[in-house]
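K.L.:
After the structure tokens below, expect a handful of questions from me.
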Amino acid sequence: MELSELKEQILKEFDNIKDEVIQIGDDIFSHPELGFKEFRTSKIVKEFFEKHGITYEDGLALTGVKGEIKFSEDGPNVAIFGELDAVVSPEHPHRDPHTNAAHACGHNSQIANLLAAAAILNNPIFKKHLKGKVTLFAVPAEEYVEIGYRLKLREEGKIKYPGGKQEFIRLGLLDDVDIAMMNHAKDNTPERIVGVGGTSNGFVGKRVVFWGREAHAGDAPEKGINALNAAQVALNALNSIRETLKDENHIRIHPIITKGGDLVNIIPREVIIESYVRGAGIEAIEDASSKFDWAMAGGAISIGAEVEIENIPGYMPLYNEEKLTELFRKNAISLVGEKNVFEIGHFSASTDMGDVSGIIPSIHPVGGGYRGSAHTKDFEIVDKEMAYIVPAKLYVLTIIDLLSNNAKEAEKIIKNWKPKISKEDYLKTLDSFFEKKVAKRSDCIFGR
């Protein structure tokens, strides 16, 4: 059978599973779960794999699932990723009322894409035409939220790193993966559009605790040390360093106060800030991170408070492998037309697919079918076939290209791949970002 004939035949098979996959995507959308808590969504993945005869492992990094479809005993291993978790969006109409979780970033679509592709790739016809295997990863905790909760899981020994793909890399689940891909929703894009290529920011996470001294706010405020005032001075200092950040480094710093005190009539004793420091490269992130820490320390010392700064590894910058991108681009053109396929360029958000892309040749395309901005109450799916089915078709078409003809295209990519970083150095880099710093006025000595 010619490659074009195989592709044409396989695309018709999606009609048999389309309704089932759309129903699952909608169900996950209506039941969002936050990172490392996605037990219901994980169960849906496992039940689908069982129904379609796909072998799997579960309980990976608490909620993750790894499926496998083998075409031959040897050959390249191509991985497809889907993310199980939701983001916090307190005003989203489909949020969970107890956790404020909402699928305002399209991860429910990713799981639908993963399952649709899995069902099609498990067709026995591929054993005649493809060499190698496909690994199906349903991964927890891409959205970098609830930092305190994840640090508690780390203290309990349940995880080491705050991101799901980071944990999968640490656990060795990607050790035999040769090529990786994952599609993401493109917000504010109701049209049938596909974006390919590009890069993204990486980041380091921050948790900052200011300690002051409580006092009666009305009767004896002079006896207190106001931790909220220390935090405000620190944030003003942080804003003052923004002009020192180079435009080409795409630095983004966006702190929030997660605790501002206890009661209005008590001088705040404890104030907590969480933040990211994002940038296009590791050196730029490290520079901006250091400036952030000095601003926090200066705010605390000026008020007489104490501050503890906890740095936590975030995600690495994303890189798309060029040859793999080109294969995906050609298939996207065949489905949505050349005028509807665009080059992404650099985006200043972050993803833990960046961590994967430094070690394994990877792509992270995006697709339309969505209205509203990501992570907001307005985000919604307006074209379910585009959101749930088209990316799965692109996965399958690209895997056919990679693993047909004795996996010739996959072997080319693997042979020419030069990792940005080894797994060993990657884990060492993550470990180096774990750091605690304490600053207080007694540490400062002023000369005459």
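Here, A, B, ... name the chains of the structure tokens in the order displayed, residue numbers run from 1 inside each chain, and ligands are numbered from 1 in the same displayed order.
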Ala295 in chain A: which residues within 6 Å, counting only C-alpha atoms, same-chain residues fewer than 6 positions away excluded, as a list of chain:residue names?
P.N.:
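My list of contacting residues is A:Ala234, A:Ala237, A:Leu238.
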K.L.:
Go ahead and save the residues from that selection, with N, CA and C atoms, as an mmCIF file, in the first residue's frame.
P.N.:
data_model
loop_
_atom_site.group_PDB
_atom_site.id
_atom_site.type_symbol
_atom_site.label_atom_id
_atom_site.label_comp_id
_atom_site.auth_asym_id
_atom_site.auth_seq_id
_atom_site.Cartn_x
_atom_site.Cartn_y
_atom_site.Cartn_z
ATOM 1 N N ALA A 234 9.188 45.594 49.134
ATOM 2 C CA ALA A 234 9.899 44.644 48.281
ATOM 3 C C ALA A 234 9.348 44.638 46.857
ATOM 4 N N ALA A 237 10.467 47.707 45.085
ATOM 5 C CA ALA A 237 11.873 47.545 44.684
ATOM 6 C C ALA A 237 11.967 46.661 43.442
ATOM 7 N N LEU A 238 11.147 45.617 43.407
ATOM 8 C CA LEU A 238 11.145 44.713 42.252
ATOM 9 C C LEU A 238 10.737 45.465 40.983
#
K.L.:
Per residue of range 366-410 of chain A within 12 Å of range 335-344 of chain A, what are the shortest atom pair and its distance in Å to one decimal, counting only C-alpha atoms, with rows by chain and residue number, as a tab-separated table?
P.N.:
residue	atom	partner	partner_atom	distance
A:Val366	CA	A:Ile344	CA	8.4
A:Gly367	CA	A:Val341	CA	9.3
A:Gly368	CA	A:Asn340	CA	9.8
A:Met386	CA	A:Val336	CA	9.8
A:Ile389	CA	A:Leu335	CA	11.4
A:Val390	CA	A:Leu335	CA	8.0
A:Pro391	CA	A:Leu335	CA	10.0
A:Ala392	CA	A:Leu335	CA	11.6
A:Lys393	CA	A:Leu335	CA	8.8
A:Leu394	CA	A:Leu335	CA	8.3
A:Leu397	CA	A:Leu335	CA	10.3
K.L.:
Using only C-alpha atoms, which residues sit within 7 Å of range 297-312 of chain A once same-chain residues fewer than 2 positions away are excluded, as number ranges by chain?
P.N.:
A: 204-212, 225, 227, 230-231, 233-234, 293-295, 314, 433-441
K.L.:
Please report, as a PyMOL selection string, each residue of range 64-238 of chain A to which DSSP assigns helix (DSSP H, G or I) when run on this structure's backbone.
P.N.:
chain A and resi 107-121+126-129+147-155+164-170+221-223+227-238
K.L.:
Based on the selection just made, write N, CA and C atoms of those residues as a CSV table (one decimal), in the first residue's frame.
P.N.:
chain,number,residue,atom,x,y,z
A,107,HIS,N,-6.2,21.6,28.4
A,107,HIS,CA,-5.6,20.3,28.6
A,107,HIS,C,-6.6,19.1,28.4
A,108,ASN,N,-7.9,19.4,28.6
A,108,ASN,CA,-8.9,18.3,28.3
A,108,ASN,C,-8.8,17.9,26.9
A,109,SER,N,-8.5,18.9,26.0
A,109,SER,CA,-8.4,18.6,24.6
A,109,SER,C,-7.2,17.7,24.3
A,110,GLN,N,-6.1,18.0,25.1
A,110,GLN,CA,-4.9,17.2,24.9
A,110,GLN,C,-5.1,15.7,25.2
A,111,ILE,N,-5.9,15.4,26.3
A,111,ILE,CA,-6.2,14.1,26.6
A,111,ILE,C,-7.1,13.4,25.6
A,112,ALA,N,-8.1,14.2,25.1
A,112,ALA,CA,-8.9,13.7,23.9
A,112,ALA,C,-8.0,13.4,22.7
A,113,ASN,N,-7.1,14.3,22.4
A,113,ASN,CA,-6.1,14.0,21.3
A,113,ASN,C,-5.4,12.7,21.5
A,114,LEU,N,-4.8,12.6,22.7
A,114,LEU,CA,-4.1,11.4,23.0
A,114,LEU,C,-4.9,10.1,22.9
A,115,LEU,N,-6.1,10.1,23.4
A,115,LEU,CA,-7.0,8.9,23.3
A,115,LEU,C,-7.4,8.6,21.9
A,116,ALA,N,-7.7,9.7,21.1
A,116,ALA,CA,-8.1,9.4,19.7
A,116,ALA,C,-7.0,8.8,18.9
A,117,ALA,N,-5.8,9.4,19.1
A,117,ALA,CA,-4.6,8.8,18.4
A,117,ALA,C,-4.4,7.4,18.8
A,118,ALA,N,-4.5,7.1,20.1
A,118,ALA,CA,-4.2,5.8,20.6
A,118,ALA,C,-5.2,4.8,20.0
A,119,ALA,N,-6.4,5.1,19.9
A,119,ALA,CA,-7.4,4.2,19.4
A,119,ALA,C,-7.1,3.9,17.9
A,120,ILE,N,-6.7,4.9,17.2
A,120,ILE,CA,-6.4,4.7,15.7
A,120,ILE,C,-5.1,3.9,15.6
A,121,LEU,N,-4.1,4.3,16.3
A,121,LEU,CA,-2.8,3.6,16.2
A,121,LEU,C,-2.8,2.2,16.6
A,126,PHE,N,-1.2,-1.3,11.1
A,126,PHE,CA,0.1,-0.6,11.3
A,126,PHE,C,1.2,-1.6,11.4
A,127,LYS,N,1.0,-2.8,11.9
A,127,LYS,CA,2.0,-3.8,12.1
A,127,LYS,C,2.7,-4.2,10.7
A,128,LYS,N,1.9,-4.0,9.7
A,128,LYS,CA,2.4,-4.3,8.3
A,128,LYS,C,3.2,-3.2,7.8
A,129,HIS,N,3.0,-2.0,8.3
A,129,HIS,CA,3.6,-0.8,7.6
A,129,HIS,C,4.6,0.0,8.5
A,147,ILE,N,2.0,26.0,44.7
A,147,ILE,CA,3.4,25.7,45.0
A,147,ILE,C,3.6,25.1,46.4
A,148,GLY,N,2.9,25.7,47.4
A,148,GLY,CA,3.0,25.2,48.7
A,148,GLY,C,2.6,23.7,48.8
A,149,TYR,N,1.5,23.3,48.1
A,149,TYR,CA,1.1,21.9,48.1
A,149,TYR,C,2.2,21.0,47.5
A,150,ARG,N,2.8,21.5,46.5
A,150,ARG,CA,3.8,20.6,45.8
A,150,ARG,C,5.0,20.5,46.7
A,151,LEU,N,5.4,21.6,47.4
A,151,LEU,CA,6.5,21.5,48.3
A,151,LEU,C,6.2,20.5,49.4
A,152,LYS,N,4.9,20.5,49.9
A,152,LYS,CA,4.6,19.5,50.9
A,152,LYS,C,4.7,18.1,50.4
A,153,LEU,N,4.3,17.8,49.1
A,153,LEU,CA,4.4,16.5,48.5
A,153,LEU,C,5.9,16.1,48.4
A,154,ARG,N,6.7,17.1,48.2
A,154,ARG,CA,8.2,16.9,48.1
A,154,ARG,C,8.7,16.5,49.5
A,155,GLU,N,8.3,17.2,50.5
A,155,GLU,CA,8.7,16.9,51.9
A,155,GLU,C,8.3,15.5,52.3
A,164,GLY,N,5.0,17.6,36.3
A,164,GLY,CA,4.8,16.2,35.9
A,164,GLY,C,5.8,15.6,35.0
A,165,LYS,N,6.2,16.3,33.9
A,165,LYS,CA,7.2,15.8,33.0
A,165,LYS,C,8.6,15.7,33.6
A,166,GLN,N,8.9,16.7,34.5
A,166,GLN,CA,10.1,16.6,35.3
A,166,GLN,C,10.2,15.3,36.1
A,167,GLU,N,9.1,14.9,36.7
A,167,GLU,CA,9.0,13.7,37.4
A,167,GLU,C,9.1,12.5,36.5
A,168,PHE,N,8.5,12.5,35.3
A,168,PHE,CA,8.6,11.4,34.4
A,168,PHE,C,10.0,11.2,33.9
A,169,ILE,N,10.8,12.4,33.7
A,169,ILE,CA,12.2,12.3,33.3
A,169,ILE,C,13.0,11.6,34.4
A,170,ARG,N,12.8,12.1,35.7
A,170,ARG,CA,13.5,11.6,36.8
A,170,ARG,C,13.3,10.1,37.0
A,221,PRO,N,0.1,49.8,67.4
A,221,PRO,CA,0.8,49.4,66.2
A,221,PRO,C,2.3,49.6,66.2
A,222,GLU,N,2.8,50.5,67.1
A,222,GLU,CA,4.2,50.8,67.2
A,222,GLU,C,5.0,49.6,67.7
A,223,LYS,N,4.3,48.7,68.4
A,223,LYS,CA,4.9,47.5,69.0
A,223,LYS,C,5.1,46.4,67.9
A,227,ALA,N,4.7,42.9,58.4
A,227,ALA,CA,5.2,42.1,57.3
A,227,ALA,C,4.6,42.5,55.9
A,228,LEU,N,3.4,43.0,56.0
A,228,LEU,CA,2.7,43.5,54.7
A,228,LEU,C,3.5,44.7,54.2
A,229,ASN,N,3.8,45.6,55.1
A,229,ASN,CA,4.6,46.8,54.6
A,229,ASN,C,6.0,46.3,54.0
A,230,ALA,N,6.6,45.3,54.6
A,230,ALA,CA,7.8,44.8,54.1
A,230,ALA,C,7.6,44.3,52.7
A,231,ALA,N,6.5,43.5,52.5
A,231,ALA,CA,6.2,42.9,51.2
A,231,ALA,C,6.0,44.0,50.2
A,232,GLN,N,5.3,45.1,50.6
A,232,GLN,CA,5.0,46.2,49.6
A,232,GLN,C,6.2,46.9,49.2
A,233,VAL,N,7.1,47.2,50.1
A,233,VAL,CA,8.4,47.8,49.8
A,233,VAL,C,9.2,46.9,48.8
A,234,ALA,N,9.2,45.6,49.1
A,234,ALA,CA,9.9,44.6,48.3
A,234,ALA,C,9.3,44.6,46.9
A,235,LEU,N,8.0,44.7,46.7
A,235,LEU,CA,7.4,44.7,45.4
A,235,LEU,C,7.7,46.0,44.7
A,236,ASN,N,7.8,47.1,45.4
A,236,ASN,CA,8.2,48.4,44.7
A,236,ASN,C,9.6,48.3,44.3
A,237,ALA,N,10.5,47.7,45.1
A,237,ALA,CA,11.9,47.5,44.7
A,237,ALA,C,12.0,46.7,43.4
A,238,LEU,N,11.1,45.6,43.4
A,238,LEU,CA,11.1,44.7,42.3
A,238,LEU,C,10.7,45.5,41.0
K.L.:
Just to confirm, what's the straight-line distance from CA of Gly369 in chain A to CA of Ile179 in chain A in Å (one decimal)?
P.N.:
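That distance, rounded to one decimal, is 26.3 Å.
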K.L.:
Restricting the calculation to only C-alpha atoms, which member of A:Ser72, A:Ile256, A:Pro97, A:Asn265 is positioned closest to Pro124 in chain A?
P.N.:
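Residue with the minimum atom-to-atom distance to Pro124 in chain A: A:Ser72.
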K.L.:
Which residues, written as a PyMOL selection string, have at least one atom at most 9 Å from His103 in chain A, with only C-alpha atoms counted and residues fewer than 5 positions away on the same chain left out?
P.N.:
chain A and resi 28-33+85-89+92+94-95+108+375+379-380
